[in-house]
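Shown here: coords_26.pdb, PDB, C-alpha atoms.
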```pdb
ATOM      1  CA  MET A   1      15.706   6.411   2.003
ATOM      2  CA  SER A   2      17.382   3.097   1.306
ATOM      3  CA  THR A   3      16.378   1.326   4.497
ATOM      4  CA  PRO A   4      13.383  -0.654   3.290
ATOM      5  CA  LEU A   5      15.327  -1.893   0.306
ATOM      6  CA  SER A   6      18.110  -3.099   2.574
ATOM      7  CA  LEU A   7      15.632  -5.575   4.047
ATOM      8  CA  GLN A   8      14.880  -7.157   0.732
ATOM      9  CA  ASP A   9      17.081 -10.191   0.962
ATOM     10  CA  LEU A  10      15.437 -11.261   4.188
ATOM     11  CA  ASP A  11      12.865 -13.829   3.237
ATOM     12  CA  LEU A  12       9.833 -11.608   3.654
ATOM     13  CA  PRO A  13       6.293 -12.846   3.140
ATOM     14  CA  ARG A  14       4.962 -11.528  -0.118
ATOM     15  CA  ARG A  15       1.803 -11.841  -2.111
ATOM     16  CA  ASN A  16       1.917 -10.993  -5.731
ATOM     17  CA  GLY A  17       5.393  -9.598  -5.287
ATOM     18  CA  GLU A  18       4.370  -7.101  -2.649
ATOM     19  CA  LEU A  19       5.057  -7.262   1.042
ATOM     20  CA  ALA A  20       2.121  -8.816   2.826
ATOM     21  CA  PHE A  21       0.810  -7.182   5.984
ATOM     22  CA  ASP A  22      -2.489  -8.289   7.463
ATOM     23  CA  ALA A  23      -2.590  -5.803  10.330
ATOM     24  CA  PRO A  24      -1.012  -2.473  11.223
ATOM     25  CA  TRP A  25       1.154  -3.967  13.972
ATOM     26  CA  GLN A  26       2.864  -6.082  11.334
ATOM     27  CA  SER A  27       3.950  -3.120   9.262
ATOM     28  CA  THR A  28       4.933  -1.344  12.485
ATOM     29  CA  VAL A  29       7.258  -4.121  13.614
ATOM     30  CA  PHE A  30       8.657  -4.302  10.083
ATOM     31  CA  ALA A  31       9.449  -0.584  10.229
ATOM     32  CA  LEU A  32      10.900  -0.906  13.743
ATOM     33  CA  ALA A  33      13.364  -3.509  12.490
ATOM     34  CA  ALA A  34      14.280  -1.159   9.656
ATOM     35  CA  ALA A  35      14.859   1.590  12.223
ATOM     36  CA  VAL A  36      17.121  -0.602  14.369
ATOM     37  CA  ILE A  37      19.090  -1.848  11.371
ATOM     38  CA  GLU A  38      19.635   1.660  10.111
ATOM     39  CA  HIS A  39      20.116   3.590  13.328
ATOM     40  CA  ALA A  40      21.702   1.053  15.700
ATOM     41  CA  PHE A  41      23.705  -1.090  13.297
ATOM     42  CA  GLY A  42      24.630   1.381  10.594
ATOM     43  CA  GLY A  43      22.656  -0.498   7.954
ATOM     44  CA  ASP A  44      24.063  -3.932   8.817
ATOM     45  CA  ARG A  45      21.071  -6.287   8.746
ATOM     46  CA  GLU A  46      23.016  -9.392   9.748
ATOM     47  CA  PRO A  47      22.477  -9.082  13.543
ATOM     48  CA  PHE A  48      18.726  -8.911  13.038
ATOM     49  CA  ARG A  49      18.766 -11.664  10.449
ATOM     50  CA  GLN A  50      20.527 -14.008  12.849
ATOM     51  CA  GLN A  51      17.929 -13.320  15.532
ATOM     52  CA  LEU A  52      15.109 -13.895  13.065
ATOM     53  CA  ILE A  53      16.577 -17.219  12.000
ATOM     54  CA  ALA A  54      16.845 -18.234  15.652
ATOM     55  CA  ALA A  55      13.302 -17.088  16.415
ATOM     56  CA  ILE A  56      11.820 -19.053  13.530
ATOM     57  CA  ALA A  57      13.866 -22.146  14.432
ATOM     58  CA  ALA A  58      12.659 -21.913  18.031
ATOM     59  CA  ASP A  59       9.006 -22.024  17.011
ATOM     60  CA  PRO A  60       8.575 -22.930  13.345
ATOM     61  CA  ASP A  61       4.766 -22.832  13.502
ATOM     62  CA  ARG A  62       4.573 -19.338  14.930
ATOM     63  CA  PRO A  63       3.112 -16.767  12.517
ATOM     64  CA  TYR A  64       5.866 -14.987  10.624
ATOM     65  CA  TRP A  65       5.455 -11.488  11.986
ATOM     66  CA  GLU A  66       5.279 -12.826  15.558
ATOM     67  CA  SER A  67       8.672 -14.432  15.017
ATOM     68  CA  TRP A  68       9.826 -11.108  13.628
ATOM     69  CA  THR A  69       8.601  -9.470  16.851
ATOM     70  CA  ALA A  70      10.356 -12.034  19.021
ATOM     71  CA  ALA A  71      13.613 -11.538  17.103
ATOM     72  CA  LEU A  72      13.440  -7.805  17.549
ATOM     73  CA  GLU A  73      12.734  -8.178  21.257
ATOM     74  CA  VAL A  74      15.912 -10.224  21.705
ATOM     75  CA  LEU A  75      17.936  -7.834  19.582
ATOM     76  CA  ALA A  76      16.635  -4.859  21.556
ATOM     77  CA  GLN A  77      18.208  -6.364  24.694
ATOM     78  CA  THR A  78      21.639  -6.426  23.060
ATOM     79  CA  LEU A  79      21.715  -2.998  21.469
ATOM     80  CA  PRO A  80      24.841  -0.893  21.621
ATOM     81  CA  ASP A  81      24.521   1.778  24.300
ATOM     82  CA  GLN A  82      24.597   4.668  21.874
ATOM     83  CA  PRO A  83      23.142   4.763  18.411
ATOM     84  CA  ARG A  84      25.895   4.728  15.831
ATOM     85  CA  PRO A  85      25.995   7.693  13.503
TER      86      PRO A  85
ATOM     87  CA  MET B   1      -7.678   7.691   6.102
ATOM     88  CA  THR B   2     -10.690   5.720   7.159
ATOM     89  CA  ALA B   3     -13.980   5.017   5.535
ATOM     90  CA  GLY B   4     -15.784   6.170   8.653
ATOM     91  CA  GLY B   5     -17.581   4.113  11.240
ATOM     92  CA  HIS B   6     -14.471   2.012  11.757
ATOM     93  CA  HIS B   7     -13.626   1.046  15.290
ATOM     94  CA  PRO B   8     -10.222  -0.240  16.308
ATOM     95  CA  ALA B   9     -10.108  -3.929  17.134
ATOM     96  CA  PRO B  10      -9.294  -4.920  20.716
ATOM     97  CA  VAL B  11      -5.588  -4.785  21.422
ATOM     98  CA  SER B  12      -4.114  -8.224  20.859
ATOM     99  CA  PRO B  13      -1.039  -9.609  22.619
ATOM    100  CA  ALA B  14       0.926  -9.142  19.401
ATOM    101  CA  GLU B  15      -0.085  -5.503  19.221
ATOM    102  CA  GLN B  16       0.873  -5.009  22.859
ATOM    103  CA  ARG B  17       4.328  -6.487  22.316
ATOM    104  CA  VAL B  18       4.964  -4.329  19.279
ATOM    105  CA  ALA B  19       3.759  -1.231  21.119
ATOM    106  CA  ALA B  20       6.190  -2.021  23.940
ATOM    107  CA  LEU B  21       9.016  -2.461  21.425
ATOM    108  CA  GLU B  22       8.141   0.802  19.770
ATOM    109  CA  ALA B  23       8.214   2.613  23.117
ATOM    110  CA  LEU B  24      11.555   1.039  24.071
ATOM    111  CA  LEU B  25      13.245   1.746  20.743
ATOM    112  CA  THR B  26      11.846   5.268  20.566
ATOM    113  CA  GLU B  27      13.225   5.955  24.036
ATOM    114  CA  ARG B  28      16.620   4.779  22.806
ATOM    115  CA  GLY B  29      16.446   7.377  20.068
ATOM    116  CA  LEU B  30      16.347   4.814  17.283
ATOM    117  CA  VAL B  31      12.972   5.710  15.798
ATOM    118  CA  PRO B  32      12.866   9.260  14.459
ATOM    119  CA  ASP B  33       9.530  11.038  14.327
ATOM    120  CA  GLY B  34       7.520   9.819  11.383
ATOM    121  CA  PHE B  35       9.902   6.966  10.527
ATOM    122  CA  ILE B  36       7.339   4.173  10.913
ATOM    123  CA  GLU B  37       4.724   6.075   8.961
ATOM    124  CA  GLU B  38       7.201   6.795   6.191
ATOM    125  CA  ILE B  39       8.324   3.167   5.839
ATOM    126  CA  THR B  40       4.747   1.929   5.929
ATOM    127  CA  ARG B  41       3.604   4.513   3.436
ATOM    128  CA  ARG B  42       6.392   3.617   1.050
ATOM    129  CA  TYR B  43       5.482  -0.050   1.083
ATOM    130  CA  GLU B  44       1.741   0.292   1.077
ATOM    131  CA  SER B  45       1.201   3.376  -1.036
ATOM    132  CA  GLU B  46       4.147   3.748  -3.373
ATOM    133  CA  ILE B  47       5.839   0.474  -4.087
ATOM    134  CA  GLY B  48       2.614  -1.521  -4.280
ATOM    135  CA  PRO B  49       0.660   0.571  -6.775
ATOM    136  CA  MET B  50       3.706   1.524  -8.848
ATOM    137  CA  ASN B  51       2.663  -0.802 -11.653
ATOM    138  CA  GLY B  52      -0.669   0.956 -11.955
ATOM    139  CA  ALA B  53       1.049   4.316 -11.875
ATOM    140  CA  LYS B  54       3.196   3.282 -14.845
ATOM    141  CA  VAL B  55       0.067   2.289 -16.750
ATOM    142  CA  VAL B  56      -1.545   5.657 -16.019
ATOM    143  CA  ALA B  57       1.550   7.643 -16.976
ATOM    144  CA  ARG B  58       1.837   5.753 -20.247
ATOM    145  CA  ALA B  59      -1.811   6.483 -21.021
ATOM    146  CA  TRP B  60      -1.256  10.177 -20.298
ATOM    147  CA  THR B  61       1.696  10.417 -22.656
ATOM    148  CA  ASP B  62       0.730   8.024 -25.434
ATOM    149  CA  PRO B  63      -2.750   8.616 -26.896
ATOM    150  CA  ARG B  64      -2.710   5.361 -28.818
ATOM    151  CA  TYR B  65      -1.842   3.414 -25.659
ATOM    152  CA  ARG B  66      -4.667   5.220 -23.881
ATOM    153  CA  GLN B  67      -7.098   4.074 -26.582
ATOM    154  CA  ARG B  68      -5.907   0.495 -26.296
ATOM    155  CA  LEU B  69      -6.103   0.687 -22.502
ATOM    156  CA  LEU B  70      -9.699   1.844 -22.522
ATOM    157  CA  ALA B  71     -10.657  -0.690 -25.193
ATOM    158  CA  ASP B  72      -8.982  -3.719 -23.613
ATOM    159  CA  GLY B  73      -7.481  -3.069 -20.194
ATOM    160  CA  THR B  74      -6.109  -6.565 -19.673
ATOM    161  CA  ALA B  75      -4.174  -6.574 -22.952
ATOM    162  CA  ALA B  76      -2.829  -3.028 -22.624
ATOM    163  CA  ILE B  77      -1.723  -3.597 -19.033
ATOM    164  CA  GLY B  78      -0.135  -6.852 -20.189
ATOM    165  CA  GLU B  79       1.912  -4.874 -22.704
ATOM    166  CA  LEU B  80       3.783  -3.364 -19.757
ATOM    167  CA  GLY B  81       4.370  -6.800 -18.276
ATOM    168  CA  PHE B  82       1.709  -6.739 -15.583
ATOM    169  CA  GLY B  83      -0.925  -9.403 -15.242
ATOM    170  CA  GLY B  84      -1.734 -12.658 -13.579
ATOM    171  CA  PRO B  85      -4.679 -14.413 -12.020
ATOM    172  CA  GLU B  86      -5.892 -11.365 -10.115
ATOM    173  CA  GLY B  87      -5.471  -9.129 -13.128
ATOM    174  CA  ASP B  88      -7.624 -10.949 -15.652
ATOM    175  CA  HIS B  89     -10.453  -9.002 -17.213
ATOM    176  CA  MET B  90      -9.226  -5.580 -16.258
ATOM    177  CA  VAL B  91     -11.496  -2.726 -17.218
ATOM    178  CA  VAL B  92     -10.071   0.787 -17.106
ATOM    179  CA  VAL B  93     -12.508   3.637 -16.517
ATOM    180  CA  GLU B  94     -11.483   7.173 -17.351
ATOM    181  CA  ASN B  95     -12.128  10.240 -15.231
ATOM    182  CA  THR B  96     -13.064  13.452 -17.008
ATOM    183  CA  PRO B  97     -14.024  16.882 -15.680
ATOM    184  CA  ARG B  98     -17.652  15.709 -15.726
ATOM    185  CA  VAL B  99     -17.344  12.053 -14.733
ATOM    186  CA  HIS B 100     -15.660  10.667 -11.645
ATOM    187  CA  ASN B 101     -15.191   6.922 -11.308
ATOM    188  CA  VAL B 102     -14.633   4.992  -8.099
ATOM    189  CA  ILE B 103     -14.186   1.285  -7.509
ATOM    190  CA  VAL B 104     -15.543  -0.858  -4.747
ATOM    191  CA  CYS B 105     -16.219  -4.504  -4.116
ATOM    192  CA  THR B 106     -19.490  -4.869  -2.308
ATOM    193  CA  LEU B 107     -19.332  -8.623  -1.857
ATOM    194  CA  CYS B 108     -15.769  -9.199  -0.733
ATOM    195  CA  SER B 109     -12.613  -7.344  -1.557
ATOM    196  CA  CYS B 110     -11.878  -8.010  -5.207
ATOM    197  CA  TYR B 111      -9.011  -5.768  -6.144
ATOM    198  CA  PRO B 112      -6.624  -5.517  -9.093
ATOM    199  CA  TRP B 113      -3.503  -6.693  -7.263
ATOM    200  CA  PRO B 114      -1.133  -6.740 -10.237
ATOM    201  CA  VAL B 115      -1.552  -3.012 -10.740
ATOM    202  CA  LEU B 116      -2.427  -1.743  -7.258
ATOM    203  CA  GLY B 117      -0.654  -4.094  -4.868
ATOM    204  CA  LEU B 118      -2.443  -4.985  -1.663
ATOM    205  CA  PRO B 119      -5.780  -3.358  -0.931
ATOM    206  CA  PRO B 120      -5.782  -0.790   1.853
ATOM    207  CA  ALA B 121      -7.566  -1.874   5.036
ATOM    208  CA  TRP B 122     -10.478   0.511   4.535
ATOM    209  CA  TYR B 123     -11.241  -0.945   1.120
ATOM    210  CA  LYS B 124     -12.184  -4.190   2.836
ATOM    211  CA  ASP B 125     -14.240  -2.555   5.570
ATOM    212  CA  PRO B 126     -18.004  -3.073   5.385
ATOM    213  CA  PRO B 127     -18.723   0.675   5.797
ATOM    214  CA  TYR B 128     -16.720   1.533   2.684
ATOM    215  CA  ARG B 129     -18.271  -1.265   0.686
ATOM    216  CA  ALA B 130     -21.829  -0.379   1.673
ATOM    217  CA  ARG B 131     -21.649   3.386   1.696
ATOM    218  CA  MET B 132     -19.748   3.844  -1.565
ATOM    219  CA  VAL B 133     -22.750   2.376  -3.318
ATOM    220  CA  ARG B 134     -25.419   4.110  -1.234
ATOM    221  CA  GLU B 135     -23.951   7.582  -0.792
ATOM    222  CA  PRO B 136     -20.770   7.906  -2.831
ATOM    223  CA  ARG B 137     -20.673  11.702  -2.922
ATOM    224  CA  LYS B 138     -20.921  11.972   0.849
ATOM    225  CA  LEU B 139     -18.377   9.244   1.516
ATOM    226  CA  LEU B 140     -15.933  10.661  -1.034
ATOM    227  CA  ALA B 141     -16.214  14.065   0.635
ATOM    228  CA  GLU B 142     -15.530  12.476   4.018
ATOM    229  CA  MET B 143     -12.437  10.867   2.500
ATOM    230  CA  GLY B 144     -11.236  14.276   1.343
ATOM    231  CA  CYS B 145     -12.371  14.015  -2.258
ATOM    232  CA  GLN B 146     -14.647  16.956  -3.022
ATOM    233  CA  LEU B 147     -16.374  16.812  -6.374
ATOM    234  CA  PRO B 148     -18.213  19.519  -8.254
ATOM    235  CA  ASP B 149     -21.974  19.267  -7.762
ATOM    236  CA  ASP B 150     -22.524  18.646 -11.449
ATOM    237  CA  ALA B 151     -19.978  15.853 -11.725
ATOM    238  CA  GLU B 152     -21.452  12.447 -12.325
ATOM    239  CA  ILE B 153     -20.144   9.715 -10.032
ATOM    240  CA  ARG B 154     -19.925   6.214 -11.436
ATOM    241  CA  VAL B 155     -19.413   3.445  -8.897
ATOM    242  CA  TRP B 156     -17.946   0.256 -10.306
ATOM    243  CA  ASP B 157     -18.527  -2.903  -8.338
ATOM    244  CA  SER B 158     -15.618  -5.298  -8.781
ATOM    245  CA  SER B 159     -16.192  -8.999  -8.977
ATOM    246  CA  ALA B 160     -14.264 -12.162  -9.492
ATOM    247  CA  GLU B 161     -14.860 -11.677 -13.218
ATOM    248  CA  VAL B 162     -14.020  -8.009 -13.656
ATOM    249  CA  ARG B 163     -11.492  -5.802 -11.889
ATOM    250  CA  TYR B 164     -11.537  -2.066 -12.425
ATOM    251  CA  LEU B 165      -8.800   0.540 -12.492
ATOM    252  CA  VAL B 166      -9.511   4.262 -12.550
ATOM    253  CA  LEU B 167      -7.550   6.344 -15.042
ATOM    254  CA  PRO B 168      -7.290   9.678 -13.226
ATOM    255  CA  GLU B 169      -7.165  12.996 -15.023
ATOM    256  CA  ARG B 170      -3.674  14.271 -15.762
ATOM    257  CA  PRO B 171      -3.047  17.199 -13.411
ATOM    258  CA  PRO B 172      -2.694  20.626 -15.012
ATOM    259  CA  GLY B 173       0.803  22.066 -15.243
ATOM    260  CA  THR B 174       2.471  18.722 -15.939
ATOM    261  CA  GLU B 175       2.977  19.204 -19.676
ATOM    262  CA  ASP B 176       6.759  19.249 -19.386
ATOM    263  CA  MET B 177       7.089  16.191 -17.182
ATOM    264  CA  THR B 178       8.506  12.891 -18.393
ATOM    265  CA  GLU B 179       6.542   9.670 -18.226
ATOM    266  CA  ALA B 180       8.601   8.533 -15.227
ATOM    267  CA  GLU B 181       7.995  11.820 -13.434
ATOM    268  CA  LEU B 182       4.287  11.561 -14.147
ATOM    269  CA  ALA B 183       4.182   8.038 -12.736
ATOM    270  CA  GLY B 184       5.521   9.472  -9.501
ATOM    271  CA  LEU B 185       2.439  11.674  -9.212
ATOM    272  CA  VAL B 186      -0.067   8.856  -9.444
ATOM    273  CA  THR B 187      -1.337   7.637  -6.089
ATOM    274  CA  ARG B 188      -3.075   4.418  -5.185
ATOM    275  CA  ASP B 189      -6.125   6.318  -3.998
ATOM    276  CA  SER B 190      -6.452   8.142  -7.315
ATOM    277  CA  MET B 191      -6.551   4.793  -9.123
ATOM    278  CA  ILE B 192      -9.248   3.509  -6.759
ATOM    279  CA  GLY B 193     -11.046   6.787  -7.308
ATOM    280  CA  VAL B 194     -11.231   8.057  -3.746
ATOM    281  CA  SER B 195      -9.006  11.026  -4.523
ATOM    282  CA  ARG B 196      -8.197  13.290  -7.439
ATOM    283  CA  LEU B 197      -4.736  14.393  -8.478
TER     284      LEU B 197
END
```

Translate this structure into structure tokens?
Amino acid sequence: MSTPLSLQDLDLPRRNGELAFDAPWQSTVFALAAAVIEHAFGGDREPFRQQLIAAIAADPDRPYWESWTAALEVLAQTLPDQPRP
Amino acid sequence: MTAGGHHPAPVSPAEQRVAALEALLTERGLVPDGFIEEITRRYESEIGPMNGAKVVARAWTDPRYRQRLLADGTAAIGELGFGGPEGDHMVVVENTPRVHNVIVCTLCSCYPWPVLGLPPAWYKDPPYRARMVREPRKLLAEMGCQLPDDAEIRVWDSSAEVRYLVLPERPPGTEDMTEAELAGLVTRDSMIGVSRL
């Protein structure tokens, strides 16, 4: 599966080179974004990236994975009606 | 896997929002069964501990490397390019048919990050930390690791000064595998010592 690797150039929080999750919901929302990128946008991560940039700009002090959640919430409202193959 | 006696924390607003997202996206058919678990597993269990797996596979295939690894873990691990502040003073302990090693940190959650990535949640839980010292055989069995009655269990308590890595036994029937293939067999849990390969 190439999906997780396709997220690599997003500026993800890492410790010691590894993705840093402090709670299960954080890895869940990470995986949900991977699912949307792969199954709704055919692997194109740019729509999500733009939402993430906007979410972080809107509230720079918000914890990272909460901004990630907010970005995905906005993106979920704009999804294409049918998943692309 | 849990170390037992672990109760879920109260559901936070963040958890509630993510659960709602998961329900919405699943309903839209965007989240295949098992997708989240697979992504999470890949990041937490495969990609993280891959450095340690390479160390183990090298030790299995190169007897001289194995000797160096057991004599001076930090230096031998450094040979493969892994090290850093959390990987100083690495001690590698070798499993045999008669001796099973397991690592714990009773005081906090010292963990050899450079070779194992992030510690799993249960490693940091008080029940794991307390019980692995008090009743290791019972806790290992609860975690799915059954040991022969005559096997000696050695529990290694990590500290800021010393970090341990378990060198698991090479599984039988792997004589024809390459070093890279062998590395793919090595799990995080086997290098903590809560499972056998």

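Distances here use all atoms listed in the file; by that measure, the residue among A:Asp59, A:Thr78, A:Thr69, A:Leu52 closest to chain B is A:Thr69.
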
Let me know the residues the PyMOL selection byres ((chain A) within 6 of (chain B)) catches in the file above, as a short mmCIF file (atom, residue, chain, number, x, y, z; two decimals) with C-alpha atoms, keeping the file's coordinate frame.
```
data_model
loop_
_atom_site.label_atom_id
_atom_site.label_comp_id
_atom_site.auth_asym_id
_atom_site.auth_seq_id
_atom_site.Cartn_x
_atom_site.Cartn_y
_atom_site.Cartn_z
CA TRP A 25 1.15 -3.97 13.97
CA ALA A 31 9.45 -0.58 10.23
CA ALA A 35 14.86 1.59 12.22
CA HIS A 39 20.12 3.59 13.33
#
```

- What lies within 8 Å of segment 144-154 of chain B using only C-alpha atoms, ignoring chain neighbours under 3 positions off, as a PyMOL selection string? chain B and resi 97-102+136-137+140-141+194-196

Dump C-alpha atoms for the selected residues as an mmCIF file, in the frame of the given file?
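So the final result, stored in part_3.cif, reads:
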```cif
data_model
loop_
_atom_site.group_PDB
_atom_site.id
_atom_site.type_symbol
_atom_site.label_atom_id
_atom_site.label_comp_id
_atom_site.auth_asym_id
_atom_site.auth_seq_id
_atom_site.Cartn_x
_atom_site.Cartn_y
_atom_site.Cartn_z
ATOM 1 C CA PRO B 97 -14.024 16.882 -15.680
ATOM 2 C CA ARG B 98 -17.652 15.709 -15.726
ATOM 3 C CA VAL B 99 -17.344 12.053 -14.733
ATOM 4 C CA HIS B 100 -15.660 10.667 -11.645
ATOM 5 C CA ASN B 101 -15.191 6.922 -11.308
ATOM 6 C CA VAL B 102 -14.633 4.992 -8.099
ATOM 7 C CA PRO B 136 -20.770 7.906 -2.831
ATOM 8 C CA ARG B 137 -20.673 11.702 -2.922
ATOM 9 C CA LEU B 140 -15.933 10.661 -1.034
ATOM 10 C CA ALA B 141 -16.214 14.065 0.635
ATOM 11 C CA VAL B 194 -11.231 8.057 -3.746
ATOM 12 C CA SER B 195 -9.006 11.026 -4.523
ATOM 13 C CA ARG B 196 -8.197 13.290 -7.439
#
```

- Task: Translate the PyMOL selection byres ((chain B and resi 94) around 7), as applied to the file shown, into an explicit residue set as a PyMOL selection string.
- Result: chain B and resi 92-93+95-96+166-168

- Task: Using the chain letters and numbering of this document, enumerate as an MDAnalysis selection string the residues selected by the PyMOL selection byres ((chain A and resi 48) around 10).
- Result: chainID A and resid 10 33:34 36:37 41 44:47 49:54 68 71:72 74:76

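In this model, the gap between atom CA of Gly52 of chain B and atom CA of Val115 of chain B comes to 4.2 Å.
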
- Task: Mind checking which residues fall within 7 Å of Ser67 of chain A, counting all atoms listed in the file, ignoring those fewer than 5 positions away in the same chain, and posting them as number ranges by chain?
- Result: A: 52, 55-56, 62

- Item | Length of the atom CA of Val186 of chain B to atom CA of Cys110 of chain B vector [Å] |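 Taking atom CA of Val186 of chain B as the start and atom CA of Cys110 of chain B as the end point, the length is 21.0 Å.
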
- Message: Please compute the atom CA of Gly81 of chain B-atom CA of Asn51 of chain B distance, one decimal, in Å.
- Response: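 Between atom CA of Gly81 of chain B and atom CA of Asn51 of chain B the gap works out to 9.1 Å.
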
- Task: Could you tell me which of B:Met177, B:Ile192, B:Leu182, B:Leu69 comes closest to Ala53 of chain B if we count only C-alpha atoms?
- Result: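 Answer, going by the shortest atom-to-atom distance: B:Leu182.
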
Would you compute, for all listed atoms of segment 171-183 of chain B, the axis-aligned bounding box grown by 6 Å on each side, and then report its centre and edge lengths in Å rounded to one decimal, as JSON?
```
{"center_x": 2.8, "center_y": 15.1, "center_z": -16.2, "size_x": 23.6, "size_y": 26.0, "size_z": 18.9}
```
